[in-house]
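Presented below is the structure to which this report refers.
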Amino acid sequence: MKTKTLAFIGGGNMASALIKGLIEDGIPPQNILVAEPDDQRREQLAASFGVRTVDDNSLAANEADILILAVKPQVLKAVATALAPALNRKKPLCLSIAAGIRHASLQAWLGEDIPLVRVMPNTPAMLGAGASGLYAPASVGDDQRSEAEHIMRATGIAVWLDDESQMDALTAVSGSGPAYFFLFMEAMENSARKLGLPDKTAHLLVLQTALGAARMAMESATELEDLRRSVTSPGGTTEKALDSFREHELEKLVDKALTAARDRSIEMSTAMGED
């Protein structure tokens, strides 16, 4: 990896997060090339990371050993088809982090012989705390899979999916998931204020409690159910709150919400791949 040229098509927030993580992981900045049409953004990337930048996607594609497509889904078809001639000369490993574009559509736009990995990251990747799902067909070799995983692990955890249909479920869980936790934290914060806590105190307590709970779950081999029980004394305050959640069918509400997100992901993927 340290001797290969990694080219990014698009220099937005997710690309920046990956670049930052890769450099911290030992990839030389001079081995990273970013194609970005915005002059100011190119200057920012060069100044912040020491990477090379160009305003022409084809220039980046011609140098790429590994190409990361980091553009908005709405423009990906036009970008990919324009890049196809250059990519088919060199056939670099390609990663797409554009949400909702299925592998078959990407492959048709880029060329059938291009080794291609579809990736779904999430926004905490910008803090190095991301969760990414990866899918590739059997035609993508073990070494290429390892390289794709290495790239995505620069911003957090990376998990492989056996079937591309699981990408819609992953989108519902980790792709959209940060917003669910933000909403729950908002609700806790608002309730804490109503119970009499000052705004700043309520805010800090909610955020630190969420962080602490996540760390306990990540750093412990204990199941979530057992962790919940460990802080729930019979007849105590926690049990009373959890009883209220169950009375209002929180588990069913969460299941409905994730199913709705999964179904919408399927609809969007179908629509975006139609052209």
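Following the order of the structure tokens, chains are lettered A, B, ..., residues in each are numbered from 1, and ligands are numbered from 1.
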
Worksheet entry | Contact residues around segment 187-195 of chain A with only C-alpha atoms at 12 Å, ignoring same-chain residues under 3 positions, as a PyMOL selection string | chain A and resi 180-184+198-210+241

Practice prompt. Tell me, as a PyMOL selection string, which residues lie within 8 Å of segment 167-174 of chain A, counting only C-alpha atoms; anything in the same chain fewer than 4 positions away does not count.
Written response: chain A and resi 120+122+131-133+135+161+163+178+258-259+261-263+265-266

Keeping only all heavy atoms, write those residues as a CSV table (one decimal), in the first residue's frame.
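Contents of out34.csv, freshly written:
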chain,number,residue,atom,x,y,z
A,120,MET,N,-20.1,1.4,2.1
A,120,MET,CA,-21.0,2.3,2.8
A,120,MET,C,-20.4,2.7,4.1
A,120,MET,O,-20.4,2.0,5.1
A,120,MET,CB,-22.3,1.6,3.0
A,120,MET,CG,-23.4,2.5,3.7
A,120,MET,SD,-23.9,3.9,2.7
A,120,MET,CE,-24.6,5.0,4.0
A,122,ASN,N,-20.0,5.8,7.3
A,122,ASN,CA,-20.9,6.7,8.0
A,122,ASN,C,-20.2,7.9,8.5
A,122,ASN,O,-19.0,7.9,8.5
A,122,ASN,CB,-21.7,6.0,9.1
A,122,ASN,CG,-20.9,5.5,10.2
A,122,ASN,OD1,-19.7,5.7,10.3
A,122,ASN,ND2,-21.5,4.9,11.2
A,131,ALA,N,-18.0,3.3,10.9
A,131,ALA,CA,-18.3,1.9,10.7
A,131,ALA,C,-18.7,1.8,9.2
A,131,ALA,O,-19.6,2.4,8.7
A,131,ALA,CB,-19.5,1.5,11.5
A,132,SER,N,-17.9,1.0,8.5
A,132,SER,CA,-18.1,0.9,7.0
A,132,SER,C,-18.4,-0.6,6.7
A,132,SER,O,-17.9,-1.5,7.2
A,132,SER,CB,-16.8,1.2,6.3
A,132,SER,OG,-16.5,2.6,6.5
A,133,GLY,N,-19.4,-0.7,5.7
A,133,GLY,CA,-19.7,-2.0,5.2
A,133,GLY,C,-19.1,-2.1,3.8
A,133,GLY,O,-19.1,-1.2,3.0
A,135,TYR,N,-18.7,-4.6,0.1
A,135,TYR,CA,-19.2,-5.7,-0.7
A,135,TYR,C,-18.4,-5.8,-2.0
A,135,TYR,O,-18.2,-4.7,-2.6
A,135,TYR,CB,-20.7,-5.6,-1.0
A,135,TYR,CG,-21.1,-6.6,-2.0
A,135,TYR,CD1,-21.3,-7.9,-1.7
A,135,TYR,CD2,-21.2,-6.2,-3.4
A,135,TYR,CE1,-21.6,-8.9,-2.7
A,135,TYR,CE2,-21.5,-7.2,-4.4
A,135,TYR,CZ,-21.7,-8.5,-4.0
A,135,TYR,OH,-21.9,-9.4,-5.0
A,161,LEU,N,-19.7,-7.8,3.8
A,161,LEU,CA,-21.0,-8.4,3.6
A,161,LEU,C,-21.0,-9.5,2.6
A,161,LEU,O,-20.3,-9.4,1.6
A,161,LEU,CB,-22.0,-7.3,3.2
A,161,LEU,CG,-22.1,-6.1,4.1
A,161,LEU,CD1,-23.1,-5.1,3.5
A,161,LEU,CD2,-22.5,-6.4,5.5
A,163,ASP,N,-23.6,-10.7,1.0
A,163,ASP,CA,-24.6,-10.5,-0.1
A,163,ASP,C,-24.8,-9.0,-0.2
A,163,ASP,O,-25.0,-8.3,0.8
A,163,ASP,CB,-25.9,-11.3,0.3
A,163,ASP,CG,-26.8,-11.3,-0.9
A,163,ASP,OD1,-27.3,-10.2,-1.3
A,163,ASP,OD2,-27.2,-12.4,-1.3
A,178,PRO,N,-26.3,7.1,13.2
A,178,PRO,CA,-25.9,8.2,14.1
A,178,PRO,C,-27.1,9.2,14.3
A,178,PRO,O,-27.2,9.7,15.4
A,178,PRO,CB,-24.8,8.9,13.2
A,178,PRO,CG,-24.2,7.8,12.5
A,178,PRO,CD,-25.3,6.8,12.1
A,258,LEU,N,-36.0,1.0,11.6
A,258,LEU,CA,-34.9,0.5,10.8
A,258,LEU,C,-35.5,-0.2,9.5
A,258,LEU,O,-34.8,-0.1,8.5
A,258,LEU,CB,-34.1,-0.5,11.6
A,258,LEU,CG,-32.9,0.1,12.3
A,258,LEU,CD1,-33.3,1.1,13.4
A,258,LEU,CD2,-32.0,-1.0,12.9
A,259,THR,N,-36.6,-0.8,9.6
A,259,THR,CA,-37.2,-1.5,8.4
A,259,THR,C,-37.6,-0.4,7.4
A,259,THR,O,-37.4,-0.6,6.2
A,259,THR,CB,-38.5,-2.3,8.8
A,259,THR,OG1,-38.1,-3.3,9.8
A,259,THR,CG2,-39.1,-2.9,7.6
A,261,ALA,N,-36.1,2.5,7.0
A,261,ALA,CA,-34.9,3.0,6.4
A,261,ALA,C,-34.4,2.0,5.4
A,261,ALA,O,-33.9,2.4,4.3
A,261,ALA,CB,-33.9,3.2,7.5
A,262,ARG,N,-34.4,0.7,5.8
A,262,ARG,CA,-34.0,-0.3,4.8
A,262,ARG,C,-34.8,-0.3,3.5
A,262,ARG,O,-34.2,-0.4,2.4
A,262,ARG,CB,-34.1,-1.7,5.5
A,262,ARG,CG,-33.5,-2.9,4.8
A,262,ARG,CD,-34.4,-3.5,3.7
A,262,ARG,NE,-35.8,-3.7,4.1
A,262,ARG,CZ,-36.3,-4.8,4.7
A,262,ARG,NH1,-35.4,-5.8,5.0
A,262,ARG,NH2,-37.5,-4.9,5.1
A,263,ASP,N,-36.1,-0.2,3.7
A,263,ASP,CA,-37.0,-0.2,2.5
A,263,ASP,C,-36.7,1.0,1.6
A,263,ASP,O,-36.7,1.0,0.4
A,263,ASP,CB,-38.4,-0.2,2.9
A,263,ASP,CG,-38.8,-1.5,3.6
A,263,ASP,OD1,-38.1,-2.5,3.5
A,263,ASP,OD2,-39.9,-1.6,4.2
A,265,SER,N,-33.9,2.6,1.4
A,265,SER,CA,-32.6,2.4,0.8
A,265,SER,C,-32.7,1.5,-0.5
A,265,SER,O,-32.1,1.8,-1.5
A,265,SER,CB,-31.6,1.7,1.7
A,265,SER,OG,-30.4,1.4,1.1
A,266,ILE,N,-33.6,0.5,-0.4
A,266,ILE,CA,-33.9,-0.3,-1.6
A,266,ILE,C,-34.5,0.5,-2.7
A,266,ILE,O,-34.1,0.4,-3.9
A,266,ILE,CB,-34.8,-1.5,-1.2
A,266,ILE,CG1,-34.1,-2.4,-0.3
A,266,ILE,CG2,-35.3,-2.2,-2.5
A,266,ILE,CD1,-35.0,-3.5,0.3

Using only C-alpha atoms, tabulate the residues of segment 5-63 of chain A lying at most 9 Å from any atom of segment 73-82 of chain A, each with its closest atom pair and that distance in Å to one decimal, by chain and increasing residue number, as a Markdown table.
| residue | atom | partner | partner_atom | distance |
| --- | --- | --- | --- | --- |
| A:Ile9 | CA | A:Val79 | CA | 8.7 |
| A:Asn57 | CA | A:Val79 | CA | 8.2 |
| A:Ser58 | CA | A:Ala82 | CA | 8.1 |

Discussion item. Calculated over only C-alpha atoms, which of the candidates A:Ala15, A:Val117, A:Val54, A:Ala271 has the smallest distance to Asp38 of chain A?
Written reply: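 For Asp38 of chain A, the nearest of the given residues is A:Val54.
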
Discussion item. Which residue is closest to Leu93 of chain A? Choose from A:Leu59, A:Ala46, A:Leu116, A:Val71 and count only C-alpha atoms.
Written reply: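 Using only C-alpha atoms, the shortest distance to Leu93 of chain A belongs to A:Leu116.
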
Item to complete: Provide the atom CA of Arg215 of chain A to atom CA of Ala129 of chain A distance in Å, to one decimal place.
Response: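 Computing the Euclidean distance for atom CA of Arg215 of chain A and atom CA of Ala129 of chain A yields 11.7 Å.
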
If you take only C-alpha atoms and a cut-off of 8 Å, which residues of segment 119-229 of chain A touch segment 20-27 of chain A, and what are their nearest atom pairs and distances in Å to one decimal, in chain and number order, as JSON lines?
{"residue": "A:Gly128", "atom": "CA", "partner": "A:Gly21", "partner_atom": "CA", "distance": 7.0}
{"residue": "A:Ile151", "atom": "CA", "partner": "A:Leu22", "partner_atom": "CA", "distance": 6.7}
{"residue": "A:Ala154", "atom": "CA", "partner": "A:Gly21", "partner_atom": "CA", "distance": 4.5}
{"residue": "A:Thr155", "atom": "CA", "partner": "A:Gly21", "partner_atom": "CA", "distance": 5.6}

Worksheet item: What is the atom CA of Arg145 of chain A to atom CA of Lys2 of chain A distance in Å?
Response: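 Distance between the two atoms: 16.1 Å.
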
Worksheet item: Contacts of Ile68 of chain A at 7 Å or less, counting only C-alpha atoms, minus same-chain residues fewer than 3 places along, as a count of residues only?
Response: 6

Fill in: Residues within 9 Å of Ser269 of chain A, only C-alpha atoms, excluding chain neighbours under 3 positions, as a list in words
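So the residues in contact are Ala99, Gly100, Ile101, Arg102, Asp168, Arg264, Ser265, Ile266, Met272, Gly273 and Glu274 of chain A.
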
Restricting it to N, CA, C and O atoms, dump the selection as a PDB file, in the first residue's frame.
ATOM      1  N   ALA A  99     -23.373   6.516  -1.680  1.00  0.00           N
ATOM      2  CA  ALA A  99     -24.495   5.783  -1.103  1.00  0.00           C
ATOM      3  C   ALA A  99     -25.514   5.407  -2.170  1.00  0.00           C
ATOM      4  O   ALA A  99     -25.826   6.191  -3.062  1.00  0.00           O
ATOM      5  N   GLY A 100     -26.009   4.176  -2.078  1.00  0.00           N
ATOM      6  CA  GLY A 100     -27.177   3.788  -2.856  1.00  0.00           C
ATOM      7  C   GLY A 100     -26.948   3.300  -4.264  1.00  0.00           C
ATOM      8  O   GLY A 100     -27.898   2.874  -4.913  1.00  0.00           O
ATOM      9  N   ILE A 101     -25.706   3.352  -4.755  1.00  0.00           N
ATOM     10  CA  ILE A 101     -25.454   2.907  -6.140  1.00  0.00           C
ATOM     11  C   ILE A 101     -24.990   1.454  -6.102  1.00  0.00           C
ATOM     12  O   ILE A 101     -23.940   1.136  -5.542  1.00  0.00           O
ATOM     13  N   ARG A 102     -25.762   0.584  -6.720  1.00  0.00           N
ATOM     14  CA  ARG A 102     -25.473  -0.848  -6.652  1.00  0.00           C
ATOM     15  C   ARG A 102     -24.251  -1.220  -7.480  1.00  0.00           C
ATOM     16  O   ARG A 102     -23.888  -0.546  -8.437  1.00  0.00           O
ATOM     17  N   ASP A 168     -28.408  -2.711   2.206  1.00  0.00           N
ATOM     18  CA  ASP A 168     -29.562  -1.894   2.572  1.00  0.00           C
ATOM     19  C   ASP A 168     -29.818  -1.956   4.073  1.00  0.00           C
ATOM     20  O   ASP A 168     -30.154  -0.945   4.695  1.00  0.00           O
ATOM     21  N   ARG A 264     -36.452   2.184   2.261  1.00  0.00           N
ATOM     22  CA  ARG A 264     -36.148   3.394   1.496  1.00  0.00           C
ATOM     23  C   ARG A 264     -34.807   3.254   0.778  1.00  0.00           C
ATOM     24  O   ARG A 264     -34.656   3.734  -0.363  1.00  0.00           O
ATOM     25  N   SER A 265     -33.858   2.597   1.411  1.00  0.00           N
ATOM     26  CA  SER A 265     -32.565   2.362   0.764  1.00  0.00           C
ATOM     27  C   SER A 265     -32.732   1.527  -0.495  1.00  0.00           C
ATOM     28  O   SER A 265     -32.121   1.801  -1.531  1.00  0.00           O
ATOM     29  N   ILE A 266     -33.595   0.522  -0.431  1.00  0.00           N
ATOM     30  CA  ILE A 266     -33.867  -0.318  -1.602  1.00  0.00           C
ATOM     31  C   ILE A 266     -34.496   0.521  -2.716  1.00  0.00           C
ATOM     32  O   ILE A 266     -34.101   0.430  -3.886  1.00  0.00           O
ATOM     33  N   MET A 272     -31.747   5.070  -8.523  1.00  0.00           N
ATOM     34  CA  MET A 272     -30.485   5.642  -8.975  1.00  0.00           C
ATOM     35  C   MET A 272     -29.774   4.749  -9.975  1.00  0.00           C
ATOM     36  O   MET A 272     -28.931   5.216 -10.743  1.00  0.00           O
ATOM     37  N   GLY A 273     -30.105   3.466  -9.983  1.00  0.00           N
ATOM     38  CA  GLY A 273     -29.443   2.569 -10.933  1.00  0.00           C
ATOM     39  C   GLY A 273     -30.195   2.420 -12.231  1.00  0.00           C
ATOM     40  O   GLY A 273     -29.707   1.779 -13.167  1.00  0.00           O
ATOM     41  N   GLU A 274     -31.375   3.019 -12.300  1.00  0.00           N
ATOM     42  CA  GLU A 274     -32.207   2.831 -13.493  1.00  0.00           C
ATOM     43  C   GLU A 274     -31.643   3.491 -14.728  1.00  0.00           C
ATOM     44  O   GLU A 274     -31.804   3.019 -15.827  1.00  0.00           O
TER      45      GLU A 274
END

Worksheet item: Got a sec: who's within 8 Å of Met152 of chain A, counting only C-alpha atoms, leaving out chain neighbours fewer than 5 positions off, as a list in words?
Response: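 In the requested form, the answer reads Leu18, Ser132, Ile157 and Ala158 of chain A.
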
Discussion item. DSSP on the backbone, alpha helix (DSSP H) only: what residues of segment 51-247 of chain A does that give? Format it as an MDAnalysis selection string.
Written reply: chainID A and resid 57:63 73:90 103:110 142:153 166:170 177:194 199:219 224:230 237:247

For the selection just defined, write its residues with C-alpha atoms to a file, as an mmCIF file, in the first residue's frame.
data_model
loop_
_atom_site.group_PDB
_atom_site.id
_atom_site.type_symbol
_atom_site.label_atom_id
_atom_site.label_comp_id
_atom_site.auth_asym_id
_atom_site.auth_seq_id
_atom_site.Cartn_x
_atom_site.Cartn_y
_atom_site.Cartn_z
ATOM 1 C CA ASN A 57 -10.443 13.402 -13.010
ATOM 2 C CA SER A 58 -8.720 11.671 -15.906
ATOM 3 C CA LEU A 59 -5.281 12.827 -14.753
ATOM 4 C CA ALA A 60 -5.912 11.174 -11.390
ATOM 5 C CA ALA A 61 -7.275 8.010 -12.987
ATOM 6 C CA ASN A 62 -4.226 7.672 -15.235
ATOM 7 C CA GLU A 63 -1.931 7.551 -12.187
ATOM 8 C CA PRO A 73 -24.473 9.652 -6.050
ATOM 9 C CA GLN A 74 -26.356 11.985 -8.390
ATOM 10 C CA VAL A 75 -23.256 12.674 -10.498
ATOM 11 C CA LEU A 76 -21.554 9.301 -10.193
ATOM 12 C CA LYS A 77 -22.809 7.880 -13.486
ATOM 13 C CA ALA A 78 -21.456 10.823 -15.483
ATOM 14 C CA VAL A 79 -18.144 10.746 -13.601
ATOM 15 C CA ALA A 80 -17.741 6.972 -13.886
ATOM 16 C CA THR A 81 -18.539 6.738 -17.591
ATOM 17 C CA ALA A 82 -16.114 9.584 -18.334
ATOM 18 C CA LEU A 83 -13.382 7.760 -16.398
ATOM 19 C CA ALA A 84 -14.019 4.359 -17.976
ATOM 20 C CA PRO A 85 -11.564 4.683 -20.909
ATOM 21 C CA ALA A 86 -8.657 5.632 -18.613
ATOM 22 C CA LEU A 87 -9.534 2.978 -16.039
ATOM 23 C CA ASN A 88 -9.813 0.198 -18.594
ATOM 24 C CA ARG A 89 -6.249 0.849 -19.747
ATOM 25 C CA LYS A 90 -4.774 0.307 -16.274
ATOM 26 C CA HIS A 103 -22.463 -2.821 -7.733
ATOM 27 C CA ALA A 104 -24.015 -3.862 -11.055
ATOM 28 C CA SER A 105 -24.666 -0.239 -12.033
ATOM 29 C CA LEU A 106 -21.156 0.819 -11.030
ATOM 30 C CA GLN A 107 -19.633 -2.085 -12.942
ATOM 31 C CA ALA A 108 -21.608 -1.257 -16.068
ATOM 32 C CA TRP A 109 -20.504 2.385 -15.950
ATOM 33 C CA LEU A 110 -16.822 1.688 -15.196
ATOM 34 C CA ASP A 142 -8.034 -11.526 -1.643
ATOM 35 C CA ASP A 143 -5.199 -9.010 -2.015
ATOM 36 C CA GLN A 144 -7.574 -6.407 -3.444
ATOM 37 C CA ARG A 145 -10.074 -7.069 -0.651
ATOM 38 C CA SER A 146 -7.292 -6.605 1.880
ATOM 39 C CA GLU A 147 -6.333 -3.272 0.317
ATOM 40 C CA ALA A 148 -9.943 -2.061 0.336
ATOM 41 C CA GLU A 149 -10.351 -3.072 3.970
ATOM 42 C CA HIS A 150 -7.059 -1.370 4.888
ATOM 43 C CA ILE A 151 -8.305 1.881 3.372
ATOM 44 C CA MET A 152 -11.625 1.828 5.208
ATOM 45 C CA ARG A 153 -10.079 0.788 8.527
ATOM 46 C CA GLN A 166 -27.313 -6.739 3.160
ATOM 47 C CA MET A 167 -26.027 -3.274 2.213
ATOM 48 C CA ASP A 168 -29.562 -1.894 2.572
ATOM 49 C CA ALA A 169 -29.792 -3.262 6.114
ATOM 50 C CA LEU A 170 -26.344 -1.901 6.929
ATOM 51 C CA GLY A 177 -27.780 5.143 12.757
ATOM 52 C CA PRO A 178 -25.906 8.215 14.062
ATOM 53 C CA ALA A 179 -29.059 10.291 13.524
ATOM 54 C CA TYR A 180 -31.079 7.890 15.688
ATOM 55 C CA PHE A 181 -28.680 8.339 18.582
ATOM 56 C CA PHE A 182 -28.621 12.109 18.078
ATOM 57 C CA LEU A 183 -32.430 12.134 18.278
ATOM 58 C CA PHE A 184 -32.423 10.033 21.449
ATOM 59 C CA MET A 185 -29.793 12.298 23.005
ATOM 60 C CA GLU A 186 -31.860 15.353 22.031
ATOM 61 C CA ALA A 187 -34.888 13.826 23.755
ATOM 62 C CA MET A 188 -32.883 13.029 26.895
ATOM 63 C CA GLU A 189 -31.416 16.529 26.948
ATOM 64 C CA ASN A 190 -34.839 18.164 26.589
ATOM 65 C CA SER A 191 -36.256 15.996 29.350
ATOM 66 C CA ALA A 192 -33.294 16.765 31.619
ATOM 67 C CA ARG A 193 -34.020 20.473 31.215
ATOM 68 C CA LYS A 194 -37.689 19.936 32.086
ATOM 69 C CA ASP A 199 -28.837 23.629 29.826
ATOM 70 C CA LYS A 200 -25.070 23.115 29.854
ATOM 71 C CA THR A 201 -25.228 20.502 32.588
ATOM 72 C CA ALA A 202 -27.966 18.578 30.785
ATOM 73 C CA HIS A 203 -26.004 18.671 27.534
ATOM 74 C CA LEU A 204 -22.728 17.459 29.057
ATOM 75 C CA LEU A 205 -24.355 14.731 31.127
ATOM 76 C CA VAL A 206 -26.243 13.301 28.160
ATOM 77 C CA LEU A 207 -23.202 13.294 25.854
ATOM 78 C CA GLN A 208 -20.847 11.812 28.431
ATOM 79 C CA THR A 209 -23.396 9.162 29.399
ATOM 80 C CA ALA A 210 -23.818 8.149 25.748
ATOM 81 C CA LEU A 211 -20.048 8.029 25.262
ATOM 82 C CA GLY A 212 -19.536 6.021 28.429
ATOM 83 C CA ALA A 213 -22.235 3.509 27.545
ATOM 84 C CA ALA A 214 -20.798 3.033 24.041
ATOM 85 C CA ARG A 215 -17.287 2.537 25.433
ATOM 86 C CA MET A 216 -18.512 0.004 27.983
ATOM 87 C CA ALA A 217 -20.241 -1.931 25.219
ATOM 88 C CA MET A 218 -17.227 -1.768 22.874
ATOM 89 C CA GLU A 219 -14.574 -2.607 25.457
ATOM 90 C CA LEU A 224 -25.688 -5.802 25.772
ATOM 91 C CA GLU A 225 -28.540 -7.472 27.618
ATOM 92 C CA ASP A 226 -26.245 -8.323 30.542
ATOM 93 C CA LEU A 227 -24.755 -4.811 30.580
ATOM 94 C CA ARG A 228 -28.281 -3.404 30.801
ATOM 95 C CA ARG A 229 -29.120 -5.742 33.661
ATOM 96 C CA SER A 230 -25.938 -4.800 35.504
ATOM 97 C CA THR A 237 -35.017 4.158 39.101
ATOM 98 C CA THR A 238 -33.530 2.488 36.015
ATOM 99 C CA GLU A 239 -36.059 -0.314 36.087
ATOM 100 C CA LYS A 240 -38.884 2.215 36.299
ATOM 101 C CA ALA A 241 -37.598 4.043 33.196
ATOM 102 C CA LEU A 242 -37.098 0.809 31.254
ATOM 103 C CA ASP A 243 -40.607 -0.326 32.176
ATOM 104 C CA SER A 244 -41.906 2.903 30.650
ATOM 105 C CA PHE A 245 -39.939 2.285 27.448
ATOM 106 C CA ARG A 246 -41.407 -1.237 27.216
ATOM 107 C CA GLU A 247 -44.915 -0.021 27.962
#

Discussion item. Quick check, in Å to one decimal: how far apart do atom CA of Leu127 of chain A and atom CA of Ala17 of chain A lie?
Written reply: 7.4 Å

Item to complete: List every residue of segment 54-167 of chain A that DSSP, applied to the backbone of this structure, assigns to strand (DSSP E or B), and report them as a list in words.
Response: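 Those residues are Val54, Ile66, Leu67, Ile68, Leu69, Leu93, Cys94, Leu95, Ser96, Leu116, Val117, Arg118, Val119, Met120, Gly130, Ala131, Ser132, Gly133, Leu134, Tyr135, Gly156, Ile157, Ala158, Val159 and Trp160 of chain A.
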
Practice prompt. Find the residues around Arg52 of chain A up to 7 Å (only C-alpha atoms counted), leave out those fewer than 2 positions away in its own chain, and share them as a ChimeraX atom specification.
Written response: /A:30,32-34,46,50
